[in-house]
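Undergrad: This is query.csv (CSV, C-alpha atoms).
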```csv
chain,number,residue,atom,x,y,z
L,1,MET,CA,84.7,-183.9,78.8
L,2,ILE,CA,82.2,-184.5,81.6
L,3,MET,CA,80.0,-186.5,79.1
L,4,LYS,CA,83.0,-188.6,78.2
L,5,ARG,CA,83.8,-189.4,81.8
L,6,GLU,CA,80.3,-190.6,82.5
L,7,LEU,CA,80.6,-193.1,79.8
L,8,ILE,CA,83.6,-194.9,81.4
L,9,THR,CA,82.3,-197.6,83.7
L,10,ASP,CA,83.5,-198.2,87.2
L,11,ALA,CA,85.0,-201.5,86.2
L,12,VAL,CA,87.2,-199.8,83.5
L,13,LEU,CA,88.2,-197.1,85.9
L,14,VAL,CA,89.1,-199.6,88.6
L,15,SER,CA,91.1,-201.6,86.1
L,16,SER,CA,93.0,-198.5,84.8
L,17,TYR,CA,93.7,-197.4,88.4
L,18,ILE,CA,95.2,-200.7,89.2
L,19,LYS,CA,97.4,-200.3,86.2
L,20,GLY,CA,98.6,-197.0,87.6
L,21,ASP,CA,96.3,-194.3,86.3
L,22,GLU,CA,95.7,-192.1,89.4
L,23,ASN,CA,93.2,-190.0,87.6
L,24,SER,CA,90.8,-192.9,87.5
L,25,LEU,CA,90.6,-192.9,91.3
L,26,SER,CA,89.8,-189.2,91.3
L,27,ILE,CA,86.8,-189.9,88.9
L,28,LEU,CA,85.6,-192.8,91.0
L,29,ILE,CA,85.7,-190.7,94.2
L,30,LYS,CA,84.0,-187.8,92.6
L,31,ARG,CA,81.3,-190.1,91.1
L,32,HIS,CA,80.4,-191.9,94.3
L,33,LYS,CA,81.5,-189.5,97.1
L,34,GLN,CA,78.0,-188.2,97.8
L,35,LYS,CA,76.3,-191.6,98.0
L,36,ILE,CA,79.0,-193.0,100.2
L,37,TYR,CA,79.2,-190.0,102.5
L,38,SER,CA,75.4,-189.7,102.8
L,39,PHE,CA,75.2,-193.4,103.6
L,40,ILE,CA,77.8,-193.1,106.4
L,41,TYR,CA,76.1,-189.9,107.7
L,42,SER,CA,72.8,-191.6,107.8
L,43,LYS,CA,74.3,-194.1,110.3
L,44,VAL,CA,76.5,-191.9,112.5
L,45,TYR,CA,74.8,-188.5,112.3
L,46,ASP,CA,78.0,-186.6,112.9
L,47,ARG,CA,79.9,-184.7,110.2
L,48,ASP,CA,83.4,-185.2,111.8
L,49,ILE,CA,82.9,-189.0,112.3
L,50,THR,CA,81.4,-189.3,108.8
L,51,GLU,CA,84.5,-187.6,107.4
L,52,ASP,CA,86.8,-190.0,109.3
L,53,VAL,CA,84.9,-193.1,108.2
L,54,PHE,CA,84.7,-191.9,104.6
L,55,GLN,CA,88.5,-191.4,104.7
L,56,ASP,CA,89.2,-194.8,106.3
L,57,THR,CA,86.8,-196.4,103.7
L,58,PHE,CA,88.8,-195.1,100.8
L,59,ILE,CA,92.2,-195.8,102.4
L,60,LYS,CA,91.0,-199.4,102.6
L,61,VAL,CA,89.8,-199.2,99.0
L,62,ILE,CA,93.1,-197.8,97.8
L,63,ARG,CA,95.2,-200.4,99.7
L,64,THR,CA,93.1,-203.3,98.5
L,65,LEU,CA,93.2,-202.2,94.9
L,66,LYS,CA,97.0,-201.5,94.9
L,67,LEU,CA,97.7,-204.8,96.6
L,68,GLY,CA,95.8,-206.5,93.8
L,69,LYS,CA,93.3,-208.1,96.3
L,70,TYR,CA,90.1,-206.6,94.6
L,71,ASN,CA,87.7,-209.2,93.4
L,72,GLU,CA,86.4,-208.2,90.0
L,73,GLU,CA,83.2,-210.3,90.5
L,74,GLY,CA,81.5,-207.7,92.6
L,75,LYS,CA,80.4,-204.2,91.6
L,76,PHE,CA,82.6,-201.4,92.8
L,77,LEU,CA,80.0,-199.2,94.6
L,78,PRO,CA,78.4,-202.0,96.6
L,79,TRP,CA,81.8,-203.2,97.6
L,80,VAL,CA,82.8,-199.7,98.8
L,81,MET,CA,79.4,-199.4,100.6
L,82,ARG,CA,80.1,-202.7,102.4
L,83,ILE,CA,83.5,-201.5,103.5
L,84,ALA,CA,81.9,-198.3,104.8
L,85,HIS,CA,79.2,-200.3,106.6
L,86,ASN,CA,81.8,-202.4,108.3
L,87,LEU,CA,83.8,-199.4,109.4
L,88,VAL,CA,80.6,-197.8,110.8
L,89,ILE,CA,80.0,-201.0,112.9
L,90,ASP,CA,83.7,-200.8,114.0
L,91,HIS,CA,83.2,-197.2,115.1
L,92,PHE,CA,80.1,-198.1,117.2
L,93,ARG,CA,81.9,-201.1,118.7
L,94,LYS,CA,84.9,-199.0,119.6
L,95,ASN,CA,82.7,-196.3,121.1
L,96,ASN,CA,80.8,-198.7,123.2
L,97,ARG,CA,84.1,-200.1,124.7
L,98,MET,CA,85.5,-196.7,125.4
L,99,PRO,CA,82.7,-194.2,126.1
L,100,LYS,CA,84.1,-190.7,126.2
L,101,PHE,CA,82.9,-187.3,127.1
L,102,ASP,CA,82.0,-184.8,124.5
L,103,ASN,CA,84.5,-181.9,125.1
L,104,SER,CA,82.8,-179.6,122.6
L,105,THR,CA,81.3,-177.6,125.5
L,106,ASP,CA,82.6,-176.7,129.0
L,107,PHE,CA,82.6,-179.8,131.2
L,108,ASP,CA,79.9,-179.5,133.8
L,109,ILE,CA,80.4,-182.0,136.7
L,110,PHE,CA,76.8,-181.6,137.7
L,111,SER,CA,75.6,-183.0,134.4
L,112,VAL,CA,77.3,-186.2,135.6
L,113,ILE,CA,76.3,-186.3,139.2
L,114,SER,CA,72.9,-184.6,139.0
L,115,ASP,CA,69.9,-186.0,140.7
L,116,SER,CA,68.1,-188.0,138.1
L,117,SER,CA,64.8,-188.2,139.9
L,118,LEU,CA,62.1,-185.9,138.5
L,119,ASN,CA,60.6,-183.1,140.5
L,120,ALA,CA,56.8,-182.4,140.5
L,121,GLU,CA,57.0,-180.0,137.5
L,122,LYS,CA,59.2,-182.3,135.4
L,123,SER,CA,57.1,-185.4,136.1
L,124,LEU,CA,54.0,-183.4,135.1
L,125,ILE,CA,55.7,-182.4,131.8
L,126,LYS,CA,56.8,-185.9,131.3
L,127,SER,CA,53.3,-187.3,131.6
L,128,GLN,CA,52.0,-184.6,129.2
L,129,VAL,CA,54.6,-185.4,126.6
L,130,GLU,CA,53.8,-189.1,126.9
L,131,ASP,CA,50.1,-188.3,126.4
L,132,ASP,CA,50.9,-186.2,123.3
L,133,VAL,CA,53.1,-189.0,121.9
L,134,ARG,CA,50.3,-191.5,122.5
L,135,ARG,CA,47.8,-189.3,120.6
L,136,LEU,CA,50.2,-188.9,117.7
L,137,ILE,CA,50.7,-192.7,117.6
L,138,GLU,CA,46.9,-193.0,117.3
L,139,GLU,CA,47.1,-191.1,114.0
L,140,LEU,CA,49.4,-193.7,112.4
L,141,PRO,CA,48.1,-196.3,110.0
L,142,GLU,CA,47.0,-199.5,111.9
L,143,ASP,CA,49.9,-201.7,110.8
L,144,GLN,CA,52.6,-199.2,111.7
L,145,LYS,CA,50.9,-198.4,115.0
L,146,GLN,CA,50.7,-202.1,115.9
L,147,VAL,CA,54.4,-202.6,115.3
L,148,LEU,CA,55.4,-199.4,117.2
L,149,ILE,CA,53.3,-200.2,120.2
L,150,MET,CA,54.7,-203.8,120.4
L,151,ARG,CA,58.2,-202.6,120.1
L,152,MET,CA,58.2,-199.4,122.2
L,153,TYR,CA,55.5,-200.1,124.8
L,154,ASN,CA,55.6,-203.9,125.0
L,155,ASP,CA,59.4,-204.1,124.6
L,156,MET,CA,59.0,-207.0,122.1
L,157,SER,CA,61.8,-208.0,119.7
L,158,PHE,CA,61.3,-207.8,116.0
L,159,LYS,CA,61.3,-211.6,115.9
L,160,GLU,CA,58.5,-211.7,118.5
L,161,ILE,CA,56.6,-208.9,116.5
L,162,SER,CA,57.0,-211.0,113.4
L,163,ASP,CA,55.7,-214.1,115.1
L,164,ASN,CA,52.7,-212.2,116.5
L,165,THR,CA,51.7,-210.3,113.5
L,166,GLY,CA,52.5,-213.0,110.9
L,167,VAL,CA,54.6,-210.7,108.8
L,168,SER,CA,58.3,-211.1,108.1
L,169,ILE,CA,60.9,-209.4,110.3
L,170,ASN,CA,61.9,-207.1,107.4
L,171,THR,CA,58.3,-206.0,107.0
L,172,ALA,CA,58.0,-205.3,110.7
L,173,LEU,CA,61.3,-203.3,110.5
L,174,GLY,CA,59.9,-201.4,107.6
L,175,ARG,CA,56.7,-200.6,109.4
L,176,MET,CA,58.6,-199.4,112.4
L,177,ARG,CA,60.7,-197.2,110.2
L,178,TYR,CA,57.7,-195.6,108.5
L,179,ALA,CA,56.0,-195.2,111.8
L,180,LEU,CA,58.9,-193.1,113.1
L,181,ILE,CA,59.2,-191.2,109.8
L,182,ASN,CA,55.5,-190.4,109.9
L,183,LEU,CA,55.6,-189.4,113.6
L,184,ARG,CA,58.5,-187.0,112.8
L,185,LYS,CA,56.6,-185.6,109.9
L,186,VAL,CA,53.4,-185.0,111.9
L,187,ILE,CA,55.5,-183.3,114.7
L,188,ASP,CA,57.3,-181.1,112.1
L,189,LYS,CA,54.2,-180.3,110.2
L,190,HIS,CA,52.2,-179.1,113.3
L,191,ASN,CA,55.3,-177.6,115.0
L,192,ILE,CA,54.6,-179.8,118.0
L,193,VAL,CA,57.3,-179.3,120.7
L,194,LEU,CA,58.0,-182.4,122.7
L,195,THR,CA,60.3,-181.5,125.5
L,196,ASN,CA,61.0,-183.1,128.8
H,197,MET,CA,48.4,-189.4,106.7
H,198,ALA,CA,48.5,-190.8,103.2
H,199,LYS,CA,49.8,-187.4,101.9
H,200,LEU,CA,52.8,-187.7,104.2
H,201,TYR,CA,54.2,-190.5,102.1
H,202,ILE,CA,54.6,-188.3,99.0
H,203,GLU,CA,55.8,-185.2,100.7
H,204,ASN,CA,59.5,-184.4,100.3
H,205,SER,CA,61.4,-184.1,103.5
H,206,LYS,CA,62.6,-180.6,104.2
H,207,HIS,CA,65.7,-182.1,105.8
H,208,ASN,CA,67.1,-183.2,102.5
H,209,GLN,CA,70.5,-181.8,102.0
H,210,ILE,CA,73.5,-182.6,99.9
H,211,LEU,CA,76.1,-184.3,101.9
H,212,GLU,CA,79.6,-184.4,100.6
H,213,PRO,CA,83.1,-185.0,102.0
H,214,ARG,CA,85.3,-181.9,102.5
H,215,GLU,CA,87.7,-181.1,99.7
H,216,GLU,CA,90.7,-181.7,102.0
H,217,THR,CA,89.5,-185.2,102.7
H,218,VAL,CA,89.3,-186.0,99.0
H,219,ASN,CA,92.7,-184.3,98.3
H,220,PHE,CA,94.2,-186.3,101.2
H,221,LEU,CA,93.0,-189.5,99.6
H,222,LEU,CA,94.3,-188.7,96.2
H,223,ASN,CA,97.7,-187.7,97.7
H,224,TYR,CA,97.7,-190.9,99.8
H,225,SER,CA,97.0,-192.9,96.7
H,226,GLN,CA,99.9,-191.3,94.8
H,227,ALA,CA,102.2,-191.8,97.7
H,228,LEU,CA,101.4,-195.4,98.3
H,229,SER,CA,103.5,-197.8,96.4
H,230,VAL,CA,103.4,-201.6,96.6
H,231,ILE,CA,106.6,-203.4,96.2
H,232,ASN,CA,106.4,-206.9,94.9
H,233,CYS,CA,109.0,-209.3,96.2
H,234,SER,CA,108.9,-212.0,93.4
H,235,LYS,CA,111.1,-214.6,95.2
H,236,SER,CA,109.0,-214.7,98.4
H,237,LYS,CA,105.7,-213.7,96.8
H,238,LEU,CA,105.4,-211.1,99.4
H,239,LYS,CA,104.0,-207.6,98.9
H,240,PHE,CA,105.3,-204.6,100.8
H,241,GLU,CA,103.6,-201.2,101.1
H,242,ALA,CA,105.6,-198.1,101.1
H,243,LEU,CA,104.5,-194.5,101.6
H,244,LEU,CA,106.7,-192.2,99.5
H,245,ASN,CA,106.9,-188.5,100.3
```
Translate the structure of the given file into structure tokens.
TA:
Amino acid sequence: MIMKRELITDAVLVSSYIKGDENSLSILIKRHKQKIYSFIYSKVYDRDITEDVFQDTFIKVIRTLKLGKYNEEGKFLPWVMRIAHNLVIDHFRKNNRMPKFDNSTDFDIFSVISDSSLNAEKSLIKSQVEDDVRRLIEELPEDQKQVLIMRMYNDMSFKEISDNTGVSINTALGRMRYALINLRKVIDKHNIVLTN
Amino acid sequence: MAKLYIENSKHNQILEPREETVNFLLNYSQALSVINCSKSKLKFEALLN
């Protein structure tokens, strides 16, 4: 039965769902739920928000299909991913407009009005952490180190980094991504604790 | 450093929506009905219980 299901393409399932076969939607969701959910989670890093965005994504999918507005030219999964991506952007836009407190823990007024200037101990820890981070950065491959320093220490945009290094913006973004991944791996591997 | 590229991340985990979410979507789909209004070429959505 499972083998048979795998043979049915997304296009066929979409078509039979539009014609009224509700079971096709169930197969489509089961087939792609992990990819779509992981994609959303990779952007928002919150299980509850991921659940909401996933639900809104498929509500949009269902409405579009039932209203006959689905364009057969595109592939189903990339189309759903695009919807999810747009909803993630909407989520961040909405949150920027209306910043709200996280009520998961007891509200502490001093967390809002605390003195942000560092005392002697904290500033010493801060400088030690910064030194540690710099040493870790030195371990990175040259191309990644260059992009990371330009971005984080020189505050350059990826366009400026691209112009300066002669690589495309996408390559610069990729190097930045790998630089951060590698830094995290080194930190994990050696159980380095960076606290401030 | 080169080894780091081929190491699997220990943070890999299977992420899936909750069963209730999937069930909600399937129920929503069953309840949603689109009514075609042939004269005016309009489409109405109706949620049936």
Undergrad: Hey, can you check how far atom CA of Asn182 of chain L sits from atom CA of Ser127 of chain L?
TA: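 Separating atom CA of Asn182 of chain L from atom CA of Ser127 of chain L is a distance of 22.0 Å.
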Undergrad: Quote the spacing between atom CA of Ser229 of chain H and atom CA of Ser26 of chain L in Å to one decimal place.
TA: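 Computed distance, atom CA of Ser229 of chain H to atom CA of Ser26 of chain L, equals 17.0 Å.
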Undergrad: Could you list, with a cut-off of 7 Å and counting all atoms listed in the file, the residues of chain L near chain H, each shown with its nearest atom pair and the distance in Å rounded to one decimal, rows sorted by chain and ascending number, as a tab-separated table?
TA:
```
residue	atom	partner	partner_atom	distance
L:Glu22	CA	H:Gln226	CA	6.9
L:Ser26	CA	H:Leu222	CA	6.7
L:Lys33	CA	H:Glu212	CA	6.5
L:Gln34	CA	H:Glu212	CA	5.0
L:Tyr37	CA	H:Glu212	CA	5.9
L:Ser38	CA	H:Leu211	CA	5.5
L:Glu51	CA	H:Pro213	CA	6.2
L:Gln55	CA	H:Thr217	CA	6.6
L:Ile59	CA	H:Leu221	CA	6.9
L:Ile62	CA	H:Ser225	CA	6.4
L:Lys66	CA	H:Val230	CA	6.6
L:Leu67	CA	H:Val230	CA	6.5
L:Asn182	CA	H:Leu200	CA	6.9
```
Undergrad: Measure the distance from atom CA of Ile169 of chain L to atom CA of Ile83 of chain L in Å and round it to one decimal.
TA: 24.9 Å
Undergrad: Of the candidates L:Gly174, L:Ile187, L:Asn96, L:Asn164, which shows the shortest atom-to-atom distance to Val133 of chain L, using all atoms listed in the file?
TA: L:Ile187
